[in-house]
Amino acid sequence: MPALIGAGHSLRCLARPTSKTDRIKDLPWEPCIGDVRDGDSVKRAMDGCDAVVHLASLSSWDEIDSPLMDAVVEGGTRNVLQAAAALGPARVVYVSSILAINGSDEPRTFTEDDAWTLPARNLNYSNMKRRAEALCTEFAQRGVPVVIVNPGEVYGPGDTAFITAGNLVDFAKSNPVLVCHGGTGVVHVDDVASGIIAALHKGRSGARYILAGENLTIRALAELTLQLLGRATRVITLPNTVIRGVARAGLRLHLPLPFNPRVIPYATQFWFVDASRARNELGVQFRSARETLAPTLDWLKKERYIT
């Protein structure tokens with residue numbers, strides 16, 4: 001939001017009565033009470049707007065298999081697109097994820113044009129995002145101006161929900177640090193914001209734009225975190241077959257585990273991506289992994305989540 005406001009945009013936000021708005025309470029924005037699952041409230045919120053940034057989703061790993069995922073991600077996207085089609089030329093930027101691009105068992109770099117090849121099972125979040133993207137493509141073909149952006153794993157100060165900051169806290173507090181065989185593209189939250197704004201103004205309707213910086217294995221992510229913290233903690237890579245088996249057993253038997261078992265189907269894949277299209281067409285630049293993690297860790301230390 002600060003980036004949109006800084007770019008001169010006036011903001012109206014669709015918010016549920018129970019939405020947590022503490023992180024944006026000091027910013028100038030117009031609230032519109034409703035729910036992305038309610039098409040009428042979505043249309044009321046969008047009426048009179050020149051553009052819509054649609055990023056409503058269930059993002060907590062504890063909710064990744066929620067029965068609400070379909071209604072929020074796919075159903076909510078349909079409501080936004082139908083409202084855009086009914087109201088006129090409002091431009092839509094749909095915020096998806098690199099988890100909808102493609103993944104692999106071994107490191108391989110994917111672009112926006114690569115076909116999806118992973119089995120659908122155990123990847124509910126990816127499946128929902130892909131279905132929402134399919135709706136975006138359908139409406140773009142019908143003349144609604146829709147652009148898709150696919151952020152990588154987003155890090156930055158202020159992640160009080162610990163969506164990704166929790167990974168860094170776990171690395172800092174574990175000894176030894178146990179990791180699996182997988183990896184992802186990481187990106188600073190401010191670079192994602194810049195990418196969304198650039199897509200709003202310059203993105204091609206119907207196109208996807210990956211917003212991600214460096215690709216790191218989970219081991220490299222842990223090692224960089226420890227290096228930035230000045231720690232010499234040992235990092236051990238466990239076999240994916242073992243971790244997947246433990247995760248399945250933990251979910252099935254409701255066993256307490258030192259990690260969230262719902263993360264494992266994603267963490268044991270490589271989500272390596274190439275953001276050249278966003279650089280070339282949108283003019284977006286991405287920070288290195290070091291430049292991305294360092295301010296996040298500084299914030300975690302300042303707030304004493306890491307001591």
# chains A, B, ... in the order shown; residues from 1 in each chain; ligands from 1

$ residues_around --residues "Ile236 of chain A" --least-positions-apart "2" --cutoff "8 Å" --atoms "only C-alpha atoms" --output "number ranges by chain"
A: 176-179, 234, 238

$ residues_around --residues "Asp50 of chain A" --least-positions-apart "6" --cutoff "9 Å" --atoms "only C-alpha atoms" --output "ChimeraX atom specification"
/A:89-91

$ write_last_selection --atoms "C-alpha atoms" --output "PDB file, in the first residue's frame"
ATOM      1  CA  PRO A  89     -12.399  -0.842 -18.423  1.00  0.00           C
ATOM      2  CA  ALA A  90     -11.045  -1.272 -14.891  1.00  0.00           C
ATOM      3  CA  ARG A  91      -7.603  -2.853 -15.165  1.00  0.00           C
TER       4      ARG A  91
END

$ select_by_dssp --residues "segment 80-113 of chain A" --states "alpha helix (DSSP H)" --output "JSON, numbers by chain"
{"A": [80, 81, 82, 83, 84, 85, 86, 87]}

$ closest_atom_pairs --of "segment 155-265 of chain A" --to "segment 7-17 of chain A" --cutoff "12 Å" --atoms "only C-alpha atoms" --output "Markdown table"
| residue | atom | partner | partner_atom | distance |
| --- | --- | --- | --- | --- |
| A:Ala193 | CA | A:Ala7 | CA | 10.8 |
| A:Ser194 | CA | A:Ala7 | CA | 9.7 |
| A:Ile196 | CA | A:Ala7 | CA | 11.6 |
| A:Ile197 | CA | A:Ala7 | CA | 8.2 |
| A:Ala198 | CA | A:Ala7 | CA | 10.4 |
| A:Leu200 | CA | A:His9 | CA | 11.2 |
| A:His201 | CA | A:Ala7 | CA | 11.0 |

$ write_last_selection --atoms "N, CA and C atoms" --output "PDB file, in the first residue's frame"
ATOM      1  N   ALA A 193       6.138  -5.054  -4.614  1.00  0.00           N
ATOM      2  CA  ALA A 193       5.264  -3.882  -4.727  1.00  0.00           C
ATOM      3  C   ALA A 193       5.583  -3.097  -6.000  1.00  0.00           C
ATOM      4  N   SER A 194       6.871  -2.911  -6.282  1.00  0.00           N
ATOM      5  CA  SER A 194       7.264  -2.200  -7.506  1.00  0.00           C
ATOM      6  C   SER A 194       6.803  -2.945  -8.743  1.00  0.00           C
ATOM      7  N   ILE A 196       4.178  -4.965  -8.978  1.00  0.00           N
ATOM      8  CA  ILE A 196       2.722  -4.852  -9.103  1.00  0.00           C
ATOM      9  C   ILE A 196       2.352  -3.509  -9.730  1.00  0.00           C
ATOM     10  N   ILE A 197       2.999  -2.433  -9.270  1.00  0.00           N
ATOM     11  CA  ILE A 197       2.707  -1.107  -9.817  1.00  0.00           C
ATOM     12  C   ILE A 197       3.107  -1.035 -11.291  1.00  0.00           C
ATOM     13  N   ALA A 198       4.266  -1.611 -11.623  1.00  0.00           N
ATOM     14  CA  ALA A 198       4.705  -1.616 -13.026  1.00  0.00           C
ATOM     15  C   ALA A 198       3.741  -2.420 -13.894  1.00  0.00           C
ATOM     16  N   LEU A 200       0.609  -2.804 -13.322  1.00  0.00           N
ATOM     17  CA  LEU A 200      -0.602  -1.996 -13.396  1.00  0.00           C
ATOM     18  C   LEU A 200      -0.533  -1.006 -14.562  1.00  0.00           C
ATOM     19  N   HIS A 201       0.648  -0.448 -14.774  1.00  0.00           N
ATOM     20  CA  HIS A 201       0.798   0.596 -15.787  1.00  0.00           C
ATOM     21  C   HIS A 201       1.287   0.061 -17.139  1.00  0.00           C
TER      22      HIS A 201
END

$ residues_around --residues "Arg279 of chain A" --least-positions-apart "6" --cutoff "12 Å" --atoms "only C-alpha atoms" --output "list in words"
Asp191, Ser194, Gly195, Ala198, Ala199, Lys202, Gly203, Tyr209, Ile210, Leu211, Ala212, Gly213, Gln285, Phe286 and Arg287 of chain A

$ write_last_selection --atoms "N, CA and C atoms" --output "PDB file, in the first residue's frame"
ATOM      1  N   ASP A 191      10.250  -5.017  -3.748  1.00  0.00           N
ATOM      2  CA  ASP A 191      10.405  -5.299  -5.182  1.00  0.00           C
ATOM      3  C   ASP A 191       9.118  -5.879  -5.758  1.00  0.00           C
ATOM      4  N   SER A 194       6.871  -2.911  -6.282  1.00  0.00           N
ATOM      5  CA  SER A 194       7.264  -2.200  -7.506  1.00  0.00           C
ATOM      6  C   SER A 194       6.803  -2.945  -8.743  1.00  0.00           C
ATOM      7  N   GLY A 195       6.879  -4.285  -8.705  1.00  0.00           N
ATOM      8  CA  GLY A 195       6.439  -5.097  -9.831  1.00  0.00           C
ATOM      9  C   GLY A 195       4.948  -5.002 -10.062  1.00  0.00           C
ATOM     10  N   ALA A 198       4.266  -1.611 -11.623  1.00  0.00           N
ATOM     11  CA  ALA A 198       4.705  -1.616 -13.026  1.00  0.00           C
ATOM     12  C   ALA A 198       3.741  -2.420 -13.894  1.00  0.00           C
ATOM     13  N   ALA A 199       3.241  -3.547 -13.378  1.00  0.00           N
ATOM     14  CA  ALA A 199       2.274  -4.356 -14.123  1.00  0.00           C
ATOM     15  C   ALA A 199       0.976  -3.588 -14.320  1.00  0.00           C
ATOM     16  N   LYS A 202       2.132  -0.983 -17.103  1.00  0.00           N
ATOM     17  CA  LYS A 202       2.801  -1.396 -18.340  1.00  0.00           C
ATOM     18  C   LYS A 202       2.588  -2.846 -18.739  1.00  0.00           C
ATOM     19  N   GLY A 203       1.965  -3.638 -17.888  1.00  0.00           N
ATOM     20  CA  GLY A 203       1.815  -5.055 -18.183  1.00  0.00           C
ATOM     21  C   GLY A 203       0.880  -5.315 -19.356  1.00  0.00           C
ATOM     22  N   TYR A 209       3.899 -12.332 -15.239  1.00  0.00           N
ATOM     23  CA  TYR A 209       5.210 -11.760 -14.948  1.00  0.00           C
ATOM     24  C   TYR A 209       5.722 -12.324 -13.624  1.00  0.00           C
ATOM     25  N   ILE A 210       6.812 -13.061 -13.691  1.00  0.00           N
ATOM     26  CA  ILE A 210       7.446 -13.587 -12.486  1.00  0.00           C
ATOM     27  C   ILE A 210       8.159 -12.441 -11.775  1.00  0.00           C
ATOM     28  N   LEU A 211       7.924 -12.321 -10.471  1.00  0.00           N
ATOM     29  CA  LEU A 211       8.585 -11.313  -9.645  1.00  0.00           C
ATOM     30  C   LEU A 211       9.440 -12.044  -8.619  1.00  0.00           C
ATOM     31  N   ALA A 212      10.712 -12.245  -8.950  1.00  0.00           N
ATOM     32  CA  ALA A 212      11.592 -12.984  -8.048  1.00  0.00           C
ATOM     33  C   ALA A 212      13.041 -12.633  -8.336  1.00  0.00           C
ATOM     34  N   GLY A 213      13.855 -12.717  -7.301  1.00  0.00           N
ATOM     35  CA  GLY A 213      15.278 -12.455  -7.442  1.00  0.00           C
ATOM     36  C   GLY A 213      16.066 -13.745  -7.559  1.00  0.00           C
ATOM     37  N   GLN A 285      13.666  -4.210 -11.123  1.00  0.00           N
ATOM     38  CA  GLN A 285      14.921  -4.800 -10.691  1.00  0.00           C
ATOM     39  C   GLN A 285      14.714  -5.502  -9.355  1.00  0.00           C
ATOM     40  N   PHE A 286      15.465  -6.563  -9.131  1.00  0.00           N
ATOM     41  CA  PHE A 286      15.284  -7.365  -7.922  1.00  0.00           C
ATOM     42  C   PHE A 286      16.567  -7.430  -7.108  1.00  0.00           C
ATOM     43  N   ARG A 287      16.434  -7.285  -5.809  1.00  0.00           N
ATOM     44  CA  ARG A 287      17.566  -7.364  -4.907  1.00  0.00           C
ATOM     45  C   ARG A 287      18.131  -8.773  -4.842  1.00  0.00           C
TER      46      ARG A 287
END

$ closest_atom_pairs --of "segment 118-232 of chain A" --to "segment 64-78 of chain A" --cutoff "12 Å" --atoms "only C-alpha atoms" --output "CSV"
residue,atom,partner,partner_atom,distance
A:Arg121,CA,A:Asp65,CA,11.5
A:Asn122,CA,A:Asp65,CA,8.8
A:Leu123,CA,A:Asp65,CA,8.8
A:Asn124,CA,A:Asp65,CA,6.3
A:Tyr125,CA,A:Ile64,CA,6.1
A:Ser126,CA,A:Ile64,CA,9.8
A:Asn127,CA,A:Asp70,CA,9.6
A:Met128,CA,A:Glu74,CA,6.2
A:Lys129,CA,A:Val73,CA,6.8
A:Arg130,CA,A:Glu74,CA,8.9
A:Arg131,CA,A:Glu74,CA,6.3
A:Ala132,CA,A:Glu74,CA,4.8
A:Glu133,CA,A:Glu74,CA,8.6
A:Ala134,CA,A:Glu74,CA,9.4
A:Leu135,CA,A:Arg78,CA,6.7
A:Cys136,CA,A:Thr77,CA,7.9
A:Thr137,CA,A:Arg78,CA,11.4
A:Glu138,CA,A:Arg78,CA,10.4
A:Phe139,CA,A:Arg78,CA,9.2
A:Val146,CA,A:Thr77,CA,11.2
A:Ile148,CA,A:Thr77,CA,11.7
A:Ile163,CA,A:Ile64,CA,11.8

$ write_last_selection --atoms "C-alpha atoms" --output "PDB file, in the first residue's frame"
ATOM      1  CA  ARG A 121      -1.942 -34.208  -5.393  1.00  0.00           C
ATOM      2  CA  ASN A 122      -0.865 -32.473  -2.177  1.00  0.00           C
ATOM      3  CA  LEU A 123      -0.430 -29.103  -3.919  1.00  0.00           C
ATOM      4  CA  ASN A 124      -3.806 -27.535  -3.195  1.00  0.00           C
ATOM      5  CA  TYR A 125      -2.486 -23.958  -3.094  1.00  0.00           C
ATOM      6  CA  SER A 126      -0.782 -24.346  -6.468  1.00  0.00           C
ATOM      7  CA  ASN A 127      -3.902 -25.916  -7.945  1.00  0.00           C
ATOM      8  CA  MET A 128      -6.144 -23.088  -6.720  1.00  0.00           C
ATOM      9  CA  LYS A 129      -3.790 -20.383  -7.991  1.00  0.00           C
ATOM     10  CA  ARG A 130      -3.584 -22.090 -11.387  1.00  0.00           C
ATOM     11  CA  ARG A 131      -7.357 -22.286 -11.627  1.00  0.00           C
ATOM     12  CA  ALA A 132      -7.622 -18.599 -10.732  1.00  0.00           C
ATOM     13  CA  GLU A 133      -5.032 -17.804 -13.412  1.00  0.00           C
ATOM     14  CA  ALA A 134      -7.068 -19.771 -15.947  1.00  0.00           C
ATOM     15  CA  LEU A 135     -10.011 -17.494 -15.171  1.00  0.00           C
ATOM     16  CA  CYS A 136      -7.773 -14.450 -15.703  1.00  0.00           C
ATOM     17  CA  THR A 137      -6.731 -15.793 -19.105  1.00  0.00           C
ATOM     18  CA  GLU A 138     -10.347 -16.486 -20.049  1.00  0.00           C
ATOM     19  CA  PHE A 139     -11.489 -12.970 -19.134  1.00  0.00           C
ATOM     20  CA  VAL A 146      -6.022  -8.546 -16.771  1.00  0.00           C
ATOM     21  CA  ILE A 148      -0.935 -11.754 -13.721  1.00  0.00           C
ATOM     22  CA  ILE A 163       4.439 -16.180   6.630  1.00  0.00           C
TER      23      ILE A 163
END

$ closest_residue --among "A:Val242, A:Leu226, A:Ala275, A:Ile24" --to "Cys180 of chain A" --atoms "only C-alpha atoms"
A:Val242

$ residues_around --residues "Arg252 of chain A" --least-positions-apart "6" --cutoff "12 Å" --atoms "only C-alpha atoms" --output "PDB file with C-alpha atoms, in the first residue's frame"
ATOM      1  CA  GLY A 245       6.939 -39.849   5.259  1.00  0.00           C
ATOM      2  CA  VAL A 246       7.175 -38.140   8.640  1.00  0.00           C
ATOM      3  CA  PRO A 261       3.789 -30.876   7.720  1.00  0.00           C
ATOM      4  CA  ARG A 262       1.644 -28.954   5.212  1.00  0.00           C
TER       5      ARG A 262
END

$ select_by_dssp --residues "segment 166-267 of chain A" --states "strand (DSSP E)" --output "list in words"
Val177, Leu178, Val179, Gly183, Thr184, Gly185, Val186, Val187, His188, Arg208, Tyr209, Ile210, Leu211, Asn215, Leu216, Thr217, Val235, Ile236 and Thr237 of chain A

$ closest_residue --among "A:Thr160, A:Thr241, A:Asn150, A:Asn79" --to "Asp22 of chain A" --atoms "only C-alpha atoms"
A:Thr160

$ closest_residue --among "A:Arg142, A:Arg290, A:Arg277, A:Lys43" --to "Glu214 of chain A" --atoms "only C-alpha atoms"
A:Arg290

$ atom_distance --atom1 "atom CA of Gly6 of chain A" --atom2 "atom CA of Gly88 of chain A"
25.9 Å

$ atom_distance --atom1 "atom CA of Thr292 of chain A" --atom2 "atom CA of Pro151 of chain A"
13.7 Å

$ closest_residue --among "A:Pro119, A:Pro107, A:Gly182, A:Gly206" --to "Val149 of chain A" --atoms "only C-alpha atoms"
A:Gly206

$ atom_distance --atom1 "atom CA of Val154 of chain A" --atom2 "atom CA of Ala289 of chain A"
10.7 Å

$ residues_around --residues "Leu300 of chain A" --least-positions-apart "6" --cutoff "12 Å" --atoms "only C-alpha atoms" --output "VMD selection string"
chain A and resid 155 to 160 162 164 to 170 172 225 229 293 to 294 306 to 307

$ write_last_selection --atoms "C-alpha atoms" --output "compact mmCIF listing (two decimals), in the first residue's frame"
# COMPACT_ATOMS: atom_id res chain seq x y z
CA TYR A 155 10.71 -11.59 2.60
CA GLY A 156 10.91 -8.21 4.27
CA PRO A 157 10.50 -6.28 7.51
CA GLY A 158 7.06 -6.20 9.13
CA ASP A 159 6.02 -9.80 8.47
CA THR A 160 4.18 -10.04 11.79
CA PHE A 162 5.49 -14.91 10.04
CA THR A 164 8.12 -16.38 5.60
CA ALA A 165 9.90 -14.65 8.48
CA GLY A 166 9.09 -17.75 10.50
CA ASN A 167 11.57 -19.69 8.33
CA LEU A 168 14.39 -17.38 9.40
CA VAL A 169 13.40 -17.59 13.06
CA ASP A 170 13.44 -21.39 12.83
CA ALA A 172 18.14 -19.01 14.01
CA THR A 225 20.67 -16.67 7.23
CA LEU A 229 23.55 -13.66 11.92
CA LEU A 293 17.30 -11.26 3.94
CA ALA A 294 19.53 -8.75 5.75
CA ILE A 306 15.69 -13.37 17.24
CA THR A 307 18.13 -12.73 20.09

$ residues_around --residues "Thr18 of chain A" --least-positions-apart "5" --cutoff "12 Å" --atoms "only C-alpha atoms" --output "list in words"
Ile33, Gly34 and Asp35 of chain A

$ decode --residues "segment 87-98 of chain A" --atoms "C-alpha atoms" --output "PDB file, in the first residue's frame"
ATOM      1  CA  LEU A  87     -18.229  -2.106 -14.681  1.00  0.00           C
ATOM      2  CA  GLY A  88     -16.090  -1.339 -17.714  1.00  0.00           C
ATOM      3  CA  PRO A  89     -12.399  -0.842 -18.423  1.00  0.00           C
ATOM      4  CA  ALA A  90     -11.045  -1.272 -14.891  1.00  0.00           C
ATOM      5  CA  ARG A  91      -7.603  -2.853 -15.165  1.00  0.00           C
ATOM      6  CA  VAL A  92      -6.984  -5.918 -12.972  1.00  0.00           C
ATOM      7  CA  VAL A  93      -3.651  -7.123 -11.631  1.00  0.00           C
ATOM      8  CA  TYR A  94      -3.998 -10.603 -10.185  1.00  0.00           C
ATOM      9  CA  VAL A  95      -1.317 -11.538  -7.669  1.00  0.00           C
ATOM     10  CA  SER A  96      -0.610 -15.241  -8.054  1.00  0.00           C
ATOM     11  CA  SER A  97       2.591 -17.084  -7.060  1.00  0.00           C
ATOM     12  CA  ILE A  98       5.580 -18.880  -8.534  1.00  0.00           C
TER      13      ILE A  98
END
